>>> print(open('query03.txt').read())   # compact mmCIF, C-alpha atoms
# COMPACT_ATOMS: atom_id res chain seq x y z
CA MET A 1 -23.41 17.83 0.95
CA ILE A 2 -22.28 18.77 -2.56
CA ASP A 3 -22.30 22.52 -3.21
CA LEU A 4 -21.24 24.84 -6.02
CA SER A 5 -17.61 24.90 -4.87
CA HIS A 6 -17.50 21.11 -5.19
CA ILE A 7 -18.86 21.30 -8.73
CA ALA A 8 -16.29 23.98 -9.56
CA LEU A 9 -13.50 21.75 -8.26
CA PHE A 10 -14.72 18.89 -10.44
CA PHE A 11 -14.25 20.99 -13.59
CA ILE A 12 -10.99 22.50 -12.32
CA CYS A 13 -9.58 19.00 -11.76
CA MET A 14 -10.74 17.90 -15.20
CA LEU A 15 -9.14 20.89 -16.93
CA THR A 16 -5.87 20.80 -15.00
CA SER A 17 -5.53 17.05 -15.51
CA ALA A 18 -6.11 17.48 -19.24
CA PHE A 19 -3.55 20.28 -19.25
CA THR A 20 -0.89 18.00 -17.75
CA ALA A 21 -1.80 15.10 -20.04
CA GLY A 22 -1.45 17.41 -23.03
CA LEU A 23 1.74 19.25 -22.08
CA GLY A 24 3.31 16.98 -19.48
CA VAL A 25 3.57 19.65 -16.79
CA GLY A 26 1.67 22.46 -15.10
CA GLY A 27 -1.77 21.11 -14.25
CA GLY A 28 -0.86 20.03 -10.74
CA ALA A 29 0.66 23.42 -9.97
CA ILE A 30 -2.39 25.26 -11.28
CA LEU A 31 -4.68 23.06 -9.19
CA LEU A 32 -2.53 23.59 -6.12
CA VAL A 33 -2.65 27.38 -6.26
CA LEU A 34 -6.43 27.27 -6.77
CA LEU A 35 -7.27 24.91 -3.90
CA PRO A 36 -6.61 27.37 -1.02
CA ASN A 37 -9.46 29.46 -2.41
CA PHE A 38 -11.86 26.56 -1.75
CA LEU A 39 -10.35 24.53 1.11
CA ALA A 40 -8.82 25.09 4.55
CA PRO A 41 -4.98 25.20 4.46
CA SER A 42 -4.66 22.04 6.56
CA VAL A 43 -6.46 19.88 3.96
CA VAL A 44 -5.02 21.35 0.75
CA ILE A 45 -1.91 19.17 0.44
CA PRO A 46 -3.55 15.81 1.37
CA ILE A 47 -6.51 16.31 -0.97
CA HIS A 48 -4.27 17.66 -3.72
CA GLY A 49 -2.11 14.53 -3.32
CA ALA A 50 -5.09 12.18 -3.62
CA THR A 51 -6.36 14.04 -6.68
CA GLN A 52 -2.95 14.01 -8.34
CA LEU A 53 -2.63 10.30 -7.59
CA MET A 54 -5.76 9.66 -9.65
CA SER A 55 -4.67 12.10 -12.37
CA ASN A 56 -1.25 10.50 -12.81
CA ALA A 57 -2.38 6.89 -12.30
CA SER A 58 -5.08 7.27 -14.95
CA ARG A 59 -2.58 8.91 -17.31
CA LEU A 60 -0.22 6.00 -16.62
CA LEU A 61 -3.00 3.56 -17.46
CA PHE A 62 -3.55 5.21 -20.83
CA ASP A 63 0.17 5.58 -21.70
CA TRP A 64 1.92 2.74 -19.84
CA LYS A 65 3.54 1.32 -22.99
CA THR A 66 5.88 4.31 -23.34
CA VAL A 67 7.09 4.36 -19.71
CA SER A 68 10.85 4.07 -19.22
CA TRP A 69 10.76 1.53 -16.39
CA PRO A 70 14.57 1.38 -15.98
CA LEU A 71 14.31 4.98 -14.76
CA ALA A 72 11.06 4.53 -12.83
CA ARG A 73 11.99 1.40 -10.84
CA PRO A 74 14.75 2.89 -8.62
CA TYR A 75 12.53 5.91 -7.99
CA ILE A 76 9.92 3.78 -6.16
CA PRO A 77 11.97 2.76 -3.05
CA GLY A 78 13.30 6.32 -2.89
CA ALA A 79 9.74 7.66 -2.84
CA LEU A 80 8.88 5.24 -0.03
CA MET A 81 11.84 6.40 2.02
CA GLY A 82 10.88 10.04 1.37
CA GLY A 83 7.40 9.38 2.73
CA VAL A 84 8.81 7.80 5.91
CA LEU A 85 11.20 10.72 6.42
CA GLY A 86 8.46 13.29 5.85
CA TYR A 87 6.17 11.57 8.37
CA PHE A 88 8.50 12.58 11.20
CA LEU A 89 8.61 16.19 9.98
CA LEU A 90 4.89 16.84 9.53
CA ASP A 91 4.33 18.18 13.05
CA LEU A 92 6.94 20.88 12.43
CA PHE A 93 5.07 22.45 9.51
CA GLU A 94 2.86 25.51 9.98
CA PHE A 95 -0.05 24.99 7.59
CA ASN A 96 -1.44 28.51 8.09
CA LEU A 97 1.54 29.72 6.07
CA LEU A 98 0.73 27.37 3.21
CA PRO A 99 -0.86 29.91 0.80
CA LEU A 100 2.17 32.21 1.14
CA ILE A 101 4.67 29.36 0.79
CA LEU A 102 2.88 27.93 -2.22
CA GLY A 103 2.62 31.29 -3.97
CA VAL A 104 6.29 32.17 -3.44
CA PHE A 105 7.44 28.67 -4.37
CA ILE A 106 5.50 28.68 -7.64
CA LEU A 107 6.77 32.15 -8.57
CA VAL A 108 10.37 31.14 -7.88
CA CYS A 109 9.98 27.96 -9.94
CA THR A 110 8.30 29.83 -12.80
CA TRP A 111 10.59 32.84 -13.12
CA THR A 112 14.05 31.66 -11.98
CA SER A 113 16.49 28.99 -13.12
CA ILE A 114 16.21 27.04 -9.86
CA ILE A 115 14.33 24.17 -11.54
CA ARG A 116 17.01 23.74 -14.19
CA ARG A 117 19.74 23.86 -11.57
CA MET A 118 18.00 21.39 -9.28
CA SER A 119 17.48 18.94 -12.13
CA ILE A 120 21.23 18.58 -12.50
CA LEU A 121 21.48 17.42 -8.87
CA PHE A 122 18.96 14.59 -9.22
CA ASP A 123 20.08 12.35 -12.05
CA ASN A 124 20.00 9.55 -9.45
CA MET A 125 16.37 8.38 -9.53
CA PHE A 126 16.46 6.92 -6.01
CA LEU A 127 17.57 10.25 -4.51
CA LEU A 128 15.02 12.05 -6.65
CA GLY A 129 12.29 9.85 -5.16
CA VAL A 130 13.43 10.60 -1.60
CA PHE A 131 13.59 14.35 -2.18
CA GLN A 132 10.37 14.73 -4.15
CA THR A 133 8.13 12.68 -1.87
CA CYS A 134 9.41 14.29 1.31
CA ALA A 135 9.20 17.81 -0.12
CA SER A 136 5.76 17.20 -1.66
CA LEU A 137 4.29 16.61 1.80
CA PHE A 138 4.84 20.31 2.53
CA VAL A 139 4.90 22.07 -0.85
CA GLY A 140 2.88 19.82 -3.14
CA ALA A 141 3.96 21.03 -6.60
CA ILE A 142 7.44 19.52 -6.52
CA GLY A 143 6.72 17.55 -9.71
CA LEU A 144 7.77 20.66 -11.64
CA ILE A 145 11.42 19.61 -11.41
CA MET A 146 10.85 16.25 -13.13
CA PRO A 147 10.51 17.07 -16.88
CA PRO A 148 14.00 18.65 -17.15
CA ILE A 149 15.48 15.62 -15.39
CA LEU A 150 13.79 13.13 -17.71
CA ILE A 151 14.69 15.14 -20.80
CA ARG A 152 18.33 14.96 -19.68
CA GLN A 153 17.97 11.17 -19.77
CA GLY A 154 17.23 11.29 -23.50
CA LEU A 155 13.48 10.59 -23.40
CA ASN A 156 11.13 11.95 -26.04
CA ARG A 157 8.02 13.98 -25.21
CA ASN A 158 5.65 11.01 -24.88
CA GLN A 159 8.14 9.08 -22.79
CA VAL A 160 8.65 12.07 -20.50
CA ILE A 161 4.90 12.41 -19.93
CA SER A 162 4.29 8.71 -19.26
CA THR A 163 7.43 8.12 -17.18
CA GLN A 164 6.65 11.18 -15.08
CA ALA A 165 3.11 9.84 -14.60
CA ALA A 166 4.52 6.52 -13.32
CA MET A 167 6.97 8.14 -10.91
CA VAL A 168 4.58 10.78 -9.62
CA SER A 169 1.86 8.14 -9.10
CA PHE A 170 4.11 6.44 -6.55
CA MET A 171 5.11 9.78 -5.05
CA HIS A 172 1.49 10.74 -4.43
CA ALA A 173 0.57 7.22 -3.29
CA PHE A 174 3.22 7.37 -0.56
CA LYS A 175 2.20 10.95 0.25
CA VAL A 176 -1.42 9.88 0.77
CA ALA A 177 -0.28 6.89 2.86
CA THR A 178 1.88 9.19 4.99
CA TYR A 179 -1.01 11.56 5.70
CA MET A 180 -3.26 8.60 6.53
CA ALA A 181 -0.62 7.31 8.96
CA ALA A 182 -0.48 10.79 10.49
CA GLY A 183 -4.23 10.67 11.12
CA PHE A 184 -5.70 12.68 8.24
CA ALA A 185 -9.32 11.54 7.75
CA PHE A 186 -9.81 11.36 3.98
CA ARG A 187 -13.25 9.79 4.60
CA ASP A 188 -14.50 13.12 5.99
CA HIS A 189 -14.09 14.60 2.51
CA TRP A 190 -15.26 11.62 0.45
CA GLN A 191 -17.93 13.46 -1.57
CA LEU A 192 -15.53 16.17 -2.65
CA MET A 193 -12.82 13.64 -3.40
CA VAL A 194 -15.09 11.47 -5.54
CA LEU A 195 -15.90 14.50 -7.70
CA MET A 196 -12.27 15.64 -7.91
CA LEU A 197 -10.93 12.16 -8.65
CA THR A 198 -13.57 11.61 -11.34
CA GLY A 199 -12.74 14.95 -12.92
CA SER A 200 -9.03 14.07 -12.91
CA ALA A 201 -9.67 10.73 -14.65
CA PHE A 202 -11.80 12.39 -17.35
CA GLY A 203 -9.15 15.06 -17.83
CA SER A 204 -6.36 12.49 -18.25
CA TYR A 205 -8.32 10.77 -20.99
CA ALA A 206 -9.21 13.99 -22.81
CA GLY A 207 -5.69 15.36 -22.53
CA ARG A 208 -4.29 12.56 -24.68
CA PHE A 209 -6.12 14.05 -27.66
CA LEU A 210 -4.88 17.56 -26.88
CA ARG A 211 -1.22 16.50 -26.88
CA ASP A 212 -0.79 16.90 -30.62
CA ALA A 213 -3.35 19.69 -30.97
CA ILE A 214 -1.67 22.19 -28.62
CA PRO A 215 1.64 23.69 -29.84
CA GLU A 216 4.06 22.95 -26.99
CA GLN A 217 5.61 26.42 -26.75
CA ARG A 218 2.26 28.17 -26.82
CA GLY A 219 0.90 25.86 -24.14
CA LEU A 220 3.94 26.42 -21.91
CA TRP A 221 3.61 30.20 -22.34
CA LEU A 222 -0.05 30.04 -21.35
CA MET A 223 0.76 27.85 -18.34
CA LYS A 224 3.54 30.19 -17.20
CA TRP A 225 1.34 33.28 -17.11
CA LEU A 226 -1.70 31.52 -15.69
CA VAL A 227 0.34 30.03 -12.85
CA THR A 228 1.94 33.44 -12.21
CA VAL A 229 -1.41 35.21 -11.87
CA LEU A 230 -2.77 32.52 -9.56
CA ALA A 231 0.37 32.48 -7.41
CA LEU A 232 0.33 36.27 -7.06
CA GLN A 233 -3.31 36.06 -6.03
CA LEU A 234 -2.40 33.61 -3.26
CA VAL A 235 0.44 35.77 -1.95
CA LEU A 236 -1.58 39.00 -2.04
CA LYS A 237 -4.60 37.34 -0.43
CA TYR A 238 -2.44 36.06 2.42
CA LEU A 239 -0.73 39.44 2.96
CA PHE A 240 -4.03 41.32 2.98
CA ALA A 241 -5.49 38.82 5.46
CA VAL A 242 -2.50 39.23 7.80
CA TYR A 243 -1.84 42.98 7.56
CA PHE A 244 -5.26 44.44 6.75
CA LYS A 245 -7.65 42.29 8.76
>>> encode(input="query03.txt", output="C-alpha cells")
Amino acid sequence: MIDLSHIALFFICMLTSAFTAGLGVGGGAILLVLLPNFLAPSVVIPIHGATQLMSNASRLLFDWKTVSWPLARPYIPGALMGGVLGYFLLDLFEFNLLPLILGVFILVCTWTSIIRRMSILFDNMFLLGVFQTCASLFVGAIGLIMPPILIRQGLNRNQVISTQAAMVSFMHAFKVATYMAAGFAFRDHWQLMVLMLTGSAFGSYAGRFLRDAIPEQRGLWLMKWLVTVLALQLVLKYLFAVYFK
C-alpha cells in the first residue's frame, strides 16, 4: 500500500535526480543519507541502487551524444568483476551499522581531501569499475570519486556528467544484479520502487534545464552543506539509538 512516506520518496528522488543532472554530482549522496529515515537498513543499498540505475540511465538517454565512450568501455568489464567480487563479501557486512557508516563516509568525503587523492589512483577505468562496483554494494555513494577522475581526463562539464551517467548506470546495474543473485526480493517493494524510479526519471529530464541556470559553485556549496547536515543527522540518530535507548 502506498503511504505518505512513499509519496515523500517520490519527490525526494525527483529532486535529487534533478540535482545530479544539473550539477553532475551530489544527488545520489543526498538520497542515500535520507533513505535510512524511511527504510530498514537492510534494504537501503539495494533500493538506492535500483533508483540510481534509473536516474543515471535516463540521464544517459537524454545526453548520450556527449559520452566519452573510449573511457566508458573499459569501465564496464571492471564493473562486472567488481559485482562478482562483492557478491562473495556481502555476508560479511553488518547492515545495522549502515546509518553510521554512511554518515561518517559522507562527512569524510565532503570535508577531507580523500576524494581528490583517491582520484589519482584510478586513472585506469577498468580498475575504477572494479573498485566502485564492489565498494558501492556496501557504501552506496561511491560515485562521488568519479567527477575528479573524469576532469583529469580533460572532459568538459557536459561530458563529465554524461560519461559519469554511462559508467554509473553499469555500476548500479551490476549492483542490482548482485543483490538479486544474493536473494534480495525487489518485487516485495515494487510499489515504492515504481514511485522512486518514476521520480528519478522526471528529475533527470528536469535537471537538464537547470544545468545552465544554477551557478556551479553556488550549487556545489549548497550540496556540501545539505549533505553535511543530513550525514550528521544519520550519525547522531544512530548514536542516540545505541547509547540512549
>>> axis_aligned_box(input="query03.txt", around="stretch 137-140 of chain A", padding_each_side="4 Å", output="AutoDock Vina command-line options")
--center_x 3.9 --center_y 19.3 --center_z -0.3 --size_x 10.0 --size_y 13.5 --size_z 13.7
>>> atom_distance(input="query03.txt", atom1="atom CA of A:Phe138", atom2="atom CA of A:Gly78")
17.2 Å
>>> closest_residue(input="query03.txt", among="A:Cys134, A:Leu127, A:Val139, A:Val227", to="A:Leu100", atoms="all atoms listed in the file")
A:Val139
>>> closest_residue(input="query03.txt", among="A:Ser169, A:Thr228, A:Gln233, A:Ser162", to="A:Gly129", atoms="all atoms listed in the file")
A:Ser169
>>> closest_residue(input="query03.txt", among="A:Met14, A:Ile145, A:Met167, A:Leu90", to="A:Leu31", atoms="all atoms listed in the file")
A:Met14
>>> atom_distance(input="query03.txt", atom1="atom CA of A:His6", atom2="atom CA of A:Ser55")
17.2 Å
>>> closest_residue(input="query03.txt", among="A:Phe95, A:Tyr238, A:Phe184, A:Phe202", to="A:Leu15", atoms="all atoms listed in the file")
A:Phe202
>>> closest_residue(input="query03.txt", among="A:Leu234, A:Leu239, A:Val160, A:Leu89", to="A:Trp69", atoms="all atoms listed in the file")
A:Val160
>>> closest_residue(input="query03.txt", among="A:Ser68, A:Thr20, A:Thr178, A:Gln159", to="A:Asn56", atoms="only C-alpha atoms")
A:Thr20
>>> atom_distance(input="query03.txt", atom1="atom CA of A:Ser42", atom2="atom CA of A:Ala79")
22.4 Å
>>> residues_around(input="query03.txt", residues="A:Ile151", least_positions_apart="2", cutoff="12 Å", atoms="only C-alpha atoms", output="PDB file with C-alpha atoms, keeping the file's coordinate frame")
ATOM      1  CA  GLY A  24       3.310  16.980 -19.480  1.00  0.00           C
ATOM      2  CA  SER A  68      10.850   4.070 -19.220  1.00  0.00           C
ATOM      3  CA  LEU A  71      14.310   4.980 -14.760  1.00  0.00           C
ATOM      4  CA  ARG A 116      17.010  23.740 -14.190  1.00  0.00           C
ATOM      5  CA  SER A 119      17.480  18.940 -12.130  1.00  0.00           C
ATOM      6  CA  ILE A 120      21.230  18.580 -12.500  1.00  0.00           C
ATOM      7  CA  ASP A 123      20.080  12.350 -12.050  1.00  0.00           C
ATOM      8  CA  ILE A 145      11.420  19.610 -11.410  1.00  0.00           C
ATOM      9  CA  MET A 146      10.850  16.250 -13.130  1.00  0.00           C
ATOM     10  CA  PRO A 147      10.510  17.070 -16.880  1.00  0.00           C
ATOM     11  CA  PRO A 148      14.000  18.650 -17.150  1.00  0.00           C
ATOM     12  CA  ILE A 149      15.480  15.620 -15.390  1.00  0.00           C
ATOM     13  CA  GLN A 153      17.970  11.170 -19.770  1.00  0.00           C
ATOM     14  CA  GLY A 154      17.230  11.290 -23.500  1.00  0.00           C
ATOM     15  CA  LEU A 155      13.480  10.590 -23.400  1.00  0.00           C
ATOM     16  CA  ASN A 156      11.130  11.950 -26.040  1.00  0.00           C
ATOM     17  CA  ARG A 157       8.020  13.980 -25.210  1.00  0.00           C
ATOM     18  CA  ASN A 158       5.650  11.010 -24.880  1.00  0.00           C
ATOM     19  CA  GLN A 159       8.140   9.080 -22.790  1.00  0.00           C
ATOM     20  CA  VAL A 160       8.650  12.070 -20.500  1.00  0.00           C
ATOM     21  CA  ILE A 161       4.900  12.410 -19.930  1.00  0.00           C
ATOM     22  CA  THR A 163       7.430   8.120 -17.180  1.00  0.00           C
ATOM     23  CA  GLN A 164       6.650  11.180 -15.080  1.00  0.00           C
TER      24      GLN A 164
END
>>> residues_around(input="query03.txt", residues="A:Thr51", least_positions_apart="5", cutoff="10 Å", atoms="only C-alpha atoms", output="NGL selection string")
:A and (13 or 17 or 28 or 31 or 45-46 or 56-57 or 172 or 176 or 193-201)
>>> build_atoms(input="query03.txt", residues="stretch 76-101 of chain A", atoms="N, CA and C atoms", output="short mmCIF file (atom, residue, chain, number, x, y, z; two decimals), keeping the file's coordinate frame")
data_model
loop_
_atom_site.label_atom_id
_atom_site.label_comp_id
_atom_site.auth_asym_id
_atom_site.auth_seq_id
_atom_site.Cartn_x
_atom_site.Cartn_y
_atom_site.Cartn_z
N ILE A 76 10.99 4.25 -7.05
CA ILE A 76 9.92 3.78 -6.16
C ILE A 76 10.41 3.60 -4.72
N PRO A 77 11.51 2.86 -4.45
CA PRO A 77 11.97 2.76 -3.05
C PRO A 77 12.41 4.09 -2.49
N GLY A 78 12.94 4.98 -3.35
CA GLY A 78 13.30 6.32 -2.89
C GLY A 78 12.08 7.10 -2.44
N ALA A 79 10.98 6.97 -3.20
CA ALA A 79 9.74 7.66 -2.84
C ALA A 79 9.20 7.13 -1.51
N LEU A 80 9.30 5.82 -1.30
CA LEU A 80 8.88 5.24 -0.03
C LEU A 80 9.68 5.80 1.13
N MET A 81 10.99 5.87 0.96
CA MET A 81 11.84 6.40 2.02
C MET A 81 11.53 7.88 2.28
N GLY A 82 11.24 8.63 1.21
CA GLY A 82 10.88 10.04 1.37
C GLY A 82 9.61 10.22 2.17
N GLY A 83 8.63 9.32 1.96
CA GLY A 83 7.40 9.38 2.73
C GLY A 83 7.63 9.11 4.20
N VAL A 84 8.49 8.13 4.51
CA VAL A 84 8.81 7.80 5.91
C VAL A 84 9.52 8.98 6.58
N LEU A 85 10.47 9.57 5.88
CA LEU A 85 11.20 10.72 6.42
C LEU A 85 10.25 11.89 6.67
N GLY A 86 9.38 12.17 5.71
CA GLY A 86 8.46 13.29 5.85
C GLY A 86 7.47 13.10 6.98
N TYR A 87 7.12 11.86 7.28
CA TYR A 87 6.17 11.57 8.37
C TYR A 87 6.66 12.18 9.69
N PHE A 88 7.94 12.10 9.93
CA PHE A 88 8.50 12.58 11.20
C PHE A 88 8.69 14.10 11.21
N LEU A 89 8.46 14.74 10.07
CA LEU A 89 8.61 16.19 9.98
C LEU A 89 7.29 16.94 9.91
N LEU A 90 6.18 16.19 9.74
CA LEU A 90 4.89 16.84 9.53
C LEU A 90 4.49 17.77 10.68
N ASP A 91 4.75 17.37 11.90
CA ASP A 91 4.33 18.18 13.05
C ASP A 91 5.07 19.51 13.13
N LEU A 92 6.16 19.65 12.38
CA LEU A 92 6.94 20.88 12.43
C LEU A 92 6.44 21.94 11.45
N PHE A 93 5.50 21.54 10.57
CA PHE A 93 5.07 22.45 9.51
C PHE A 93 3.89 23.29 9.96
N GLU A 94 3.93 24.59 9.64
CA GLU A 94 2.86 25.51 9.98
C GLU A 94 1.95 25.70 8.76
N PHE A 95 0.80 25.00 8.76
CA PHE A 95 -0.05 24.99 7.59
C PHE A 95 -0.75 26.32 7.33
N ASN A 96 -0.83 27.19 8.33
CA ASN A 96 -1.44 28.51 8.09
C ASN A 96 -0.62 29.35 7.11
N LEU A 97 0.67 29.00 7.01
CA LEU A 97 1.54 29.72 6.07
C LEU A 97 1.50 29.14 4.67
N LEU A 98 0.72 28.09 4.48
CA LEU A 98 0.73 27.37 3.21
C LEU A 98 0.44 28.25 1.99
N PRO A 99 -0.61 29.08 2.00
CA PRO A 99 -0.86 29.91 0.80
C PRO A 99 0.34 30.77 0.41
N LEU A 100 0.99 31.38 1.42
CA LEU A 100 2.17 32.21 1.14
C LEU A 100 3.32 31.37 0.59
N ILE A 101 3.58 30.24 1.22
CA ILE A 101 4.67 29.36 0.79
C ILE A 101 4.43 28.86 -0.63
#
